[in-house]
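One structure below.
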Amino acid sequence: MERNKVLVMYTILFCFMQYDITMAQKQSIQDDETLVSPEGTFEAGFFRFGNSLRRYFGIWYKSISPRTIVWVANRDAPVQNSTATLKLTDQGNLLILDGLKGIVWSSNASRTKDKPLMQLLDSGNFVVKDGDKEENLIWESFDYPGDTFLAGMKIKSNLATGPTSYLTSWRNAEDPASGEFSYHIDTHGYPQLVVTKGATVTLRAGPWIGNKFSGASGLRLQKILTFSMQFTDKEVSLEYETVNRSIITRTVITPSGTTQRLLWSDRSQSWEIISTHPMDQCAYYAFCGANSMCDTSNNPICDCLEGFTPKFQAQWNSLDWTGGCVPIKNLSCQNGDGFPKHTGVQFPDTSSSWYGNSKSLDECGTICLQNCSCTAYAYLDNVGGRSVCLNWFGDILDMSEHPDPDQGQEIYLRVVASELDHRRNKKSINIKKLAGSLAGSIAFIICITILGLATVTCIRRKKNEREDEGIINHWKDKRGDEDIDLATIFDFSTISSTTNHFSESNKLGEGGFGPVYKGVLANGQEIAVKRLSNTSGQGMEEFKNEVKLIARLQHRNLVKLLGCSIHHDEMLIYEFMHNRSLDYFIFDSTQSKLVDWNKRFQIIDGIARGLLYLHQDSRLRIIHRD
């Protein structure tokens, strides 16, 4: 009897397993059918936009609404009637047929196979396999991307013939036909990631520098994604993976030619844009023209490189930088040419560059120096386990300061000998002038400081002795004065016992006023005690002012002053903030998940409201410098 039960359970389990396999591996998909990946991540089938009669076969996220299309087979050849079928032939070829059985689209992957199967994987890859052999794929959609770059997909380019697998924008939001913009790897010179409109480069992420592209900051992306660039003798390819499978993310090239990295938020049930390109004017290709540097922190943002001058001065002065810059003196390959180092930059366009293996930075510099046409060089220490020397020739195009200097790169730009001598002389003169000025200023400051400190110390000691006694007596005698009528005066022994006698275990931190301790009053209320430090530089008058001002501030986004102590040590008693500081959540990989973008917006809004009250709405004049 027990054996029969086991047999029945096995039979049922086998039927369910067979059903899953059948649903994942079919020979045709009708107009009203869909194919779902094994774990239900993606779904494939026919769809249309609104009331349009044009039907497409595509792939989308099954559980995300509204429907997010990540791939379209027949993007440039929609079925023009209400009936459509996707069919897998015995030769392993995929066909989209219209109602009249006419071929609308073909994968063009026919091969003689015994038992070809089609399957939708949980990566979003739609594949045709040779039977059950996972490693033997006849065809896969990842080799023919649309406008979306998914984890596990590869963007590829042949070193000899150019891009072979790349993104192409949609025509518009409801027309997946091939648009004007392409997102691919440019292999003219050292490989770099670019966006082009036809043959014209519009945006550039820069060359690969070992763990990212030179134009990417990558700080947040590195927490959720890992990128890799593969170099072979014939091909270069780029792919990425998520650090865990729960992360849903994609890169899209939009119909307007921008690129966006989006992350799905379960909390807000929406796509959040975590990076976009371009982010500023300097991100547009060659915005400042040739031989220039673009820096959004400067005004104006464009400047000629050292040894260069604007090609069209009048246009340059009117903030039209498209003409770029030209050499003050042409390169003559004379002895003494130098290569001053520039740090924190995004590498210029590498399409006219040369690259090769190199043992050291010095060797790379020597290679460039020996070629009169070499205008710059850079050294990459670890690119796929090798060191790479980069040499640029001709004009320097599309170089800018990195938004985060610590994430930028180093480049050495050629300067002719005469300009280099001028640079050294100018620097030497400036140093001498600066040294002379500093010596005189320092001597004067030292003398004044010594005299001033002696005088101020003497006066302050006498003044504080008189004022402190008077202020304390004033507070004691006039407890109802409006200056402190909102604050309770605590005695020292009470505060000492609530903080466990100011023990280190109760210490929360230290600010400009002094250390801050956590305490618990007799009624159970938690408090934060701010104790005046002897080295804080603040006296009784400053202490009184803080009590006077903060006691009168009444706002939900400002910490509330509960009282003060003026016995022995001066102390301020505030309400205790249970949620700790904001950086505890933002910069912690685990805690940051608790603060989504909606919550962060609420926090920012709260801070802004508090500051607005301090600076504008409060009837008290507040100088807020902390």
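Each chain in the structure tokens gets a letter, A, B and so on, in the order shown; residues start at 1 in every chain, and ligands are counted from 1 in the order they appear.
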What's the 8 Å shell around region 162-176 of chain A, counting only C-alpha atoms, without same-chain residues fewer than 2 positions away, as a ChimeraX atom specification?
/A:49,72,75-76,143-149,154-160,178-187,253-255,257
Dump as an mmCIF file, in the first residue's frame, selection limited to N, CA and C atoms:
data_model
loop_
_atom_site.group_PDB
_atom_site.id
_atom_site.type_symbol
_atom_site.label_atom_id
_atom_site.label_comp_id
_atom_site.auth_asym_id
_atom_site.auth_seq_id
_atom_site.Cartn_x
_atom_site.Cartn_y
_atom_site.Cartn_z
ATOM 1 N N PHE A 49 0.169 48.006 -29.269
ATOM 2 C CA PHE A 49 0.041 49.253 -28.522
ATOM 3 C C PHE A 49 -1.355 49.833 -28.734
ATOM 4 N N VAL A 72 11.964 42.968 -28.922
ATOM 5 C CA VAL A 72 10.937 42.791 -29.948
ATOM 6 C C VAL A 72 11.575 42.108 -31.149
ATOM 7 N N ARG A 75 10.491 44.072 -34.867
ATOM 8 C CA ARG A 75 10.321 45.499 -34.591
ATOM 9 C C ARG A 75 10.142 46.312 -35.865
ATOM 10 N N ASP A 76 10.792 45.899 -36.954
ATOM 11 C CA ASP A 76 10.694 46.635 -38.222
ATOM 12 C C ASP A 76 9.731 45.985 -39.209
ATOM 13 N N ASP A 143 21.775 37.820 -28.873
ATOM 14 C CA ASP A 143 22.701 38.201 -29.948
ATOM 15 C C ASP A 143 22.129 39.331 -30.800
ATOM 16 N N TYR A 144 20.847 39.645 -30.611
ATOM 17 C CA TYR A 144 20.184 40.664 -31.426
ATOM 18 C C TYR A 144 19.386 41.605 -30.515
ATOM 19 N N PRO A 145 20.087 42.415 -29.687
ATOM 20 C CA PRO A 145 19.385 43.287 -28.731
ATOM 21 C C PRO A 145 18.506 44.317 -29.433
ATOM 22 N N GLY A 146 17.551 44.846 -28.656
ATOM 23 C CA GLY A 146 16.727 45.953 -29.135
ATOM 24 C C GLY A 146 17.240 47.254 -28.548
ATOM 25 N N ASP A 147 16.428 47.858 -27.682
ATOM 26 C CA ASP A 147 16.848 49.101 -27.024
ATOM 27 C C ASP A 147 17.252 48.870 -25.572
ATOM 28 N N THR A 148 17.265 47.597 -25.123
ATOM 29 C CA THR A 148 17.478 47.284 -23.708
ATOM 30 C C THR A 148 18.660 46.346 -23.510
ATOM 31 N N PHE A 149 19.492 46.695 -22.534
ATOM 32 C CA PHE A 149 20.681 45.917 -22.174
ATOM 33 C C PHE A 149 20.383 45.232 -20.841
ATOM 34 N N LYS A 154 25.431 40.404 -23.920
ATOM 35 C CA LYS A 154 26.725 40.943 -24.330
ATOM 36 C C LYS A 154 26.552 41.932 -25.469
ATOM 37 N N ILE A 155 27.218 43.096 -25.324
ATOM 38 C CA ILE A 155 27.368 44.023 -26.443
ATOM 39 C C ILE A 155 28.733 43.727 -27.051
ATOM 40 N N LYS A 156 28.766 43.411 -28.348
ATOM 41 C CA LYS A 156 30.001 42.914 -28.963
ATOM 42 C C LYS A 156 30.375 43.732 -30.193
ATOM 43 N N SER A 157 31.680 43.738 -30.447
ATOM 44 C CA SER A 157 32.182 44.432 -31.630
ATOM 45 C C SER A 157 33.407 43.694 -32.158
ATOM 46 N N ASN A 158 33.406 43.469 -33.463
ATOM 47 C CA ASN A 158 34.542 42.830 -34.123
ATOM 48 C C ASN A 158 35.643 43.865 -34.327
ATOM 49 N N LEU A 159 36.876 43.520 -33.971
ATOM 50 C CA LEU A 159 37.974 44.478 -34.055
ATOM 51 C C LEU A 159 38.257 44.909 -35.486
ATOM 52 N N ALA A 160 37.860 44.078 -36.446
ATOM 53 C CA ALA A 160 38.130 44.407 -37.851
ATOM 54 C C ALA A 160 36.936 45.049 -38.545
ATOM 55 N N SER A 178 13.319 50.536 -35.554
ATOM 56 C CA SER A 178 14.672 51.049 -35.330
ATOM 57 C C SER A 178 14.711 52.566 -35.424
ATOM 58 N N GLY A 179 15.207 53.204 -34.366
ATOM 59 C CA GLY A 179 15.295 54.655 -34.321
ATOM 60 C C GLY A 179 16.621 55.165 -34.856
ATOM 61 N N GLU A 180 16.955 56.404 -34.457
ATOM 62 C CA GLU A 180 18.136 57.068 -35.017
ATOM 63 C C GLU A 180 19.423 56.765 -34.265
ATOM 64 N N PHE A 181 19.325 56.275 -33.022
ATOM 65 C CA PHE A 181 20.511 56.206 -32.167
ATOM 66 C C PHE A 181 20.958 54.767 -31.916
ATOM 67 N N SER A 182 22.279 54.627 -31.854
ATOM 68 C CA SER A 182 22.894 53.324 -31.615
ATOM 69 C C SER A 182 23.837 53.405 -30.418
ATOM 70 N N TYR A 183 23.859 52.357 -29.616
ATOM 71 C CA TYR A 183 24.695 52.279 -28.402
ATOM 72 C C TYR A 183 25.621 51.081 -28.587
ATOM 73 N N HIS A 184 26.904 51.337 -28.848
ATOM 74 C CA HIS A 184 27.789 50.231 -29.217
ATOM 75 C C HIS A 184 29.235 50.492 -28.799
ATOM 76 N N ILE A 185 30.071 49.488 -29.004
ATOM 77 C CA ILE A 185 31.500 49.595 -28.727
ATOM 78 C C ILE A 185 32.215 50.027 -30.009
ATOM 79 N N ASP A 186 32.919 51.143 -29.919
ATOM 80 C CA ASP A 186 33.696 51.654 -31.056
ATOM 81 C C ASP A 186 35.101 51.062 -30.968
ATOM 82 N N THR A 187 35.522 50.377 -32.018
ATOM 83 C CA THR A 187 36.834 49.718 -32.006
ATOM 84 C C THR A 187 37.853 50.429 -32.891
ATOM 85 N N ILE A 253 18.475 52.703 -24.182
ATOM 86 C CA ILE A 253 18.758 53.883 -24.986
ATOM 87 C C ILE A 253 17.413 54.418 -25.472
ATOM 88 N N THR A 254 17.117 55.661 -25.127
ATOM 89 C CA THR A 254 15.800 56.238 -25.393
ATOM 90 C C THR A 254 15.695 56.740 -26.832
ATOM 91 N N PRO A 255 14.480 57.004 -27.303
ATOM 92 C CA PRO A 255 14.313 57.540 -28.659
ATOM 93 C C PRO A 255 15.038 58.872 -28.879
ATOM 94 N N GLY A 257 18.022 59.515 -27.659
ATOM 95 C CA GLY A 257 19.460 59.290 -27.696
ATOM 96 C C GLY A 257 20.163 59.339 -26.358
#
Identify, on the basis of only C-alpha atoms, every residue whose closest approach to region 27-32 of chain A does not exceed 12 Å; exclude the query and any residue fewer than 3 positions from it along the same chain; express the result as a PDB file with C-alpha atoms, in the first residue's frame.
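Saved to part09.pdb:
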ATOM      1  CA  THR A  22       6.178  21.691 -22.150  1.00  0.00           C
ATOM      2  CA  MET A  23       5.221  25.245 -21.276  1.00  0.00           C
ATOM      3  CA  ALA A  24       8.848  26.360 -21.417  1.00  0.00           C
ATOM      4  CA  LEU A  35       5.576  31.537 -23.074  1.00  0.00           C
ATOM      5  CA  VAL A  36       6.770  32.000 -19.459  1.00  0.00           C
ATOM      6  CA  ALA A  44       6.961  36.201 -24.287  1.00  0.00           C
ATOM      7  CA  GLY A  45       4.099  36.540 -26.739  1.00  0.00           C
ATOM      8  CA  PHE A  46       2.363  38.804 -29.205  1.00  0.00           C
ATOM      9  CA  PHE A  47       1.325  42.313 -28.160  1.00  0.00           C
ATOM     10  CA  ARG A  48       0.181  45.612 -29.614  1.00  0.00           C
ATOM     11  CA  ARG A  55       1.239  43.172 -33.751  1.00  0.00           C
ATOM     12  CA  TYR A  56       4.705  42.346 -32.455  1.00  0.00           C
ATOM     13  CA  PHE A  57       6.300  39.334 -30.811  1.00  0.00           C
ATOM     14  CA  GLY A  58       8.194  40.493 -27.749  1.00  0.00           C
ATOM     15  CA  VAL A  79       2.016  41.831 -38.440  1.00  0.00           C
ATOM     16  CA  ASN A  81      -3.730  41.930 -39.013  1.00  0.00           C
ATOM     17  CA  SER A  82      -5.188  40.347 -35.889  1.00  0.00           C
ATOM     18  CA  THR A  83      -3.786  36.851 -36.387  1.00  0.00           C
ATOM     19  CA  ALA A  84      -0.128  35.990 -35.915  1.00  0.00           C
ATOM     20  CA  THR A  85       1.907  32.879 -35.135  1.00  0.00           C
ATOM     21  CA  LEU A  86       5.487  32.200 -34.069  1.00  0.00           C
ATOM     22  CA  LYS A  87       6.673  28.869 -35.444  1.00  0.00           C
ATOM     23  CA  LEU A  88       9.850  26.844 -34.935  1.00  0.00           C
ATOM     24  CA  THR A  89      10.775  24.800 -38.010  1.00  0.00           C
ATOM     25  CA  ASP A  90      12.457  21.395 -37.965  1.00  0.00           C
ATOM     26  CA  GLN A  91      15.662  23.121 -39.063  1.00  0.00           C
ATOM     27  CA  GLY A  92      15.699  25.366 -35.966  1.00  0.00           C
ATOM     28  CA  ASN A  93      14.485  28.501 -37.729  1.00  0.00           C
ATOM     29  CA  LEU A  94      11.992  30.855 -36.039  1.00  0.00           C
ATOM     30  CA  LEU A  95       9.259  32.301 -38.262  1.00  0.00           C
ATOM     31  CA  ILE A  96       6.524  34.858 -37.605  1.00  0.00           C
ATOM     32  CA  LEU A  97       3.540  34.176 -39.842  1.00  0.00           C
ATOM     33  CA  ASP A  98       0.539  36.396 -40.540  1.00  0.00           C
ATOM     34  CA  GLY A  99      -3.050  35.231 -40.944  1.00  0.00           C
ATOM     35  CA  LYS A 115      14.927  18.041 -32.328  1.00  0.00           C
ATOM     36  CA  PRO A 116      15.187  21.828 -32.025  1.00  0.00           C
ATOM     37  CA  LEU A 117      13.410  23.405 -29.052  1.00  0.00           C
ATOM     38  CA  MET A 118      12.637  27.015 -28.158  1.00  0.00           C
ATOM     39  CA  GLN A 119      12.751  28.226 -24.582  1.00  0.00           C
ATOM     40  CA  VAL A 128      16.523  27.850 -29.758  1.00  0.00           C
ATOM     41  CA  LYS A 129      18.397  24.751 -28.552  1.00  0.00           C
ATOM     42  CA  GLY A 131      17.396  19.219 -28.125  1.00  0.00           C
TER      43      GLY A 131
END
At a cut-off of 8 Å, using only C-alpha atoms, what residues contact region 549-564 of chain A? Leave out same-chain residues fewer than 4 positions from it and give the result as a count of residues only.
21
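You will find CA of Gly519 (chain A) at 9.6 Å from CA of His501 (chain A).
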Residues at most 12 Å from Leu380 (chain A), counting only C-alpha atoms, excluding those fewer than 2 positions away in the same chain, as a PyMOL selection string?
chain A and resi 190+207-211+214+347+355-361+364+377-378+382-391+409-411
For a test of reading the model, state the distance in Å between CA of Glu272 (chain A) and CA of Trp597 (chain A), rounded to one decimal.
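Computing the Euclidean distance for CA of Glu272 (chain A) and CA of Trp597 (chain A) yields 8.3 Å.
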I need the residues of region 13-202 of chain A that end up classed as helix (DSSP H, G or I) by DSSP on the backbone, written out as a PyMOL selection string.
chain A and resi 13-24+141-143
Work out how far apart CA of Gly307 (chain A) and CA of Trp392 (chain A) are and give it in Å to one decimal.
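Separation between CA of Gly307 (chain A) and CA of Trp392 (chain A): 16.5 Å.
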So which residues of region 128-315 of chain A fall under strand (DSSP E or B) by DSSP, listed as a PyMOL selection string?
chain A and resi 128-130+137-140+148-149+155-158+162-165+167-172+175-186+192-197+200-208+213+225-231+235-242+249-253+259-265+270-277+284+292-294+302-304+308-310
Given the selection you just returned, output its residues as a file containing C-alpha atoms, formatted as a compact mmCIF listing (two decimals), in the first residue's frame.
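After the write, out.txt holds the following:
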# COMPACT_ATOMS: atom_id res chain seq x y z
CA VAL A 128 16.52 27.85 -29.76
CA LYS A 129 18.40 24.75 -28.55
CA ASP A 130 19.55 21.57 -30.17
CA LEU A 137 22.36 26.99 -28.89
CA ILE A 138 21.21 27.35 -32.47
CA TRP A 139 19.99 30.92 -31.98
CA GLU A 140 19.43 33.41 -29.08
CA THR A 148 17.48 47.28 -23.71
CA PHE A 149 20.68 45.92 -22.17
CA ILE A 155 27.37 44.02 -26.44
CA LYS A 156 30.00 42.91 -28.96
CA SER A 157 32.18 44.43 -31.63
CA ASN A 158 34.54 42.83 -34.12
CA GLY A 162 32.96 46.89 -36.16
CA PRO A 163 29.82 46.39 -34.01
CA THR A 164 28.07 43.02 -34.25
CA SER A 165 25.73 43.20 -31.24
CA LEU A 167 21.44 48.56 -28.86
CA THR A 168 19.24 50.59 -31.18
CA SER A 169 16.67 53.07 -29.92
CA TRP A 170 12.96 52.83 -30.63
CA ARG A 171 11.41 55.35 -33.01
CA ASN A 172 9.12 56.54 -30.22
CA ASP A 175 6.82 52.36 -32.11
CA PRO A 176 9.64 49.84 -31.57
CA ALA A 177 10.95 50.28 -35.12
CA SER A 178 14.67 51.05 -35.33
CA GLY A 179 15.29 54.65 -34.32
CA GLU A 180 18.14 57.07 -35.02
CA PHE A 181 20.51 56.21 -32.17
CA SER A 182 22.89 53.32 -31.62
CA TYR A 183 24.70 52.28 -28.40
CA HIS A 184 27.79 50.23 -29.22
CA ILE A 185 31.50 49.59 -28.73
CA ASP A 186 33.70 51.65 -31.06
CA GLN A 192 35.23 52.72 -26.06
CA LEU A 193 31.47 52.82 -25.49
CA VAL A 194 29.65 55.41 -27.60
CA VAL A 195 26.21 56.57 -28.71
CA THR A 196 25.92 57.55 -32.36
CA LYS A 197 23.28 59.15 -34.55
CA THR A 200 28.03 60.96 -35.82
CA VAL A 201 29.10 60.39 -32.21
CA THR A 202 26.74 62.18 -29.80
CA LEU A 203 27.74 60.72 -26.41
CA ARG A 204 30.70 58.78 -25.12
CA ALA A 205 31.17 56.76 -21.92
CA GLY A 206 34.89 56.56 -22.60
CA PRO A 207 37.31 53.64 -22.85
CA TRP A 208 37.41 50.65 -20.52
CA PHE A 213 34.45 53.08 -18.33
CA LEU A 225 26.37 45.38 -10.56
CA THR A 226 29.63 43.84 -11.73
CA PHE A 227 30.84 44.79 -15.22
CA SER A 228 33.35 42.88 -17.32
CA MET A 229 35.01 43.60 -20.65
CA GLN A 230 36.45 40.70 -22.62
CA PHE A 231 39.24 41.19 -25.18
CA GLU A 235 36.42 40.62 -30.70
CA VAL A 236 35.70 42.77 -27.66
CA SER A 237 32.52 42.36 -25.61
CA LEU A 238 30.86 43.99 -22.59
CA GLU A 239 28.45 42.40 -20.11
CA TYR A 240 27.26 42.83 -16.55
CA GLU A 241 25.68 40.78 -13.78
CA THR A 242 23.72 41.76 -10.69
CA THR A 249 17.72 46.41 -13.53
CA ARG A 250 18.17 47.35 -17.17
CA THR A 251 19.91 49.91 -19.37
CA VAL A 252 17.90 51.60 -22.11
CA ILE A 253 18.76 53.88 -24.99
CA THR A 259 20.99 56.29 -21.94
CA GLN A 260 19.34 55.39 -18.64
CA ARG A 261 20.07 52.80 -15.98
CA LEU A 262 16.80 51.84 -14.25
CA LEU A 263 16.21 49.85 -11.07
CA TRP A 264 12.88 48.30 -10.08
CA SER A 265 11.66 49.31 -6.62
CA SER A 270 7.98 51.63 -10.19
CA TRP A 271 11.20 52.00 -12.16
CA GLU A 272 13.71 54.40 -10.61
CA ILE A 273 16.38 56.07 -12.77
CA ILE A 274 19.68 55.60 -10.92
CA SER A 275 21.92 57.02 -13.64
CA THR A 276 21.49 58.87 -16.89
CA HIS A 277 23.77 60.09 -19.65
CA TYR A 284 27.91 65.93 -24.97
CA SER A 292 40.14 71.92 -24.77
CA MET A 293 39.00 70.94 -21.30
CA CYS A 294 35.38 70.98 -20.19
CA CYS A 302 35.41 75.51 -21.51
CA ASP A 303 39.13 76.31 -21.48
CA CYS A 304 41.95 75.69 -23.95
CA PHE A 308 46.71 76.17 -27.13
CA THR A 309 44.60 79.22 -27.91
CA PRO A 310 41.02 79.62 -29.25
Which of these, A:Ile248, A:Leu120, A:Val547, A:Val529, has the shortest distance to Phe492 (chain A) once you count only C-alpha atoms?
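Selected residue with least distance to Phe492 (chain A): A:Val529.
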Long-range neighbours of Ser297 (chain A) as a list of chain:residue names, 12 Å cut-off, only C-alpha atoms, 6 positions minimum in chain
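With the cut-off at 12 Å, the set is A:Asp280, A:Gln281, A:Cys282, A:Asp303, A:Ser400, A:Glu401, A:His402, A:Pro403, A:Asp404, A:Pro405.
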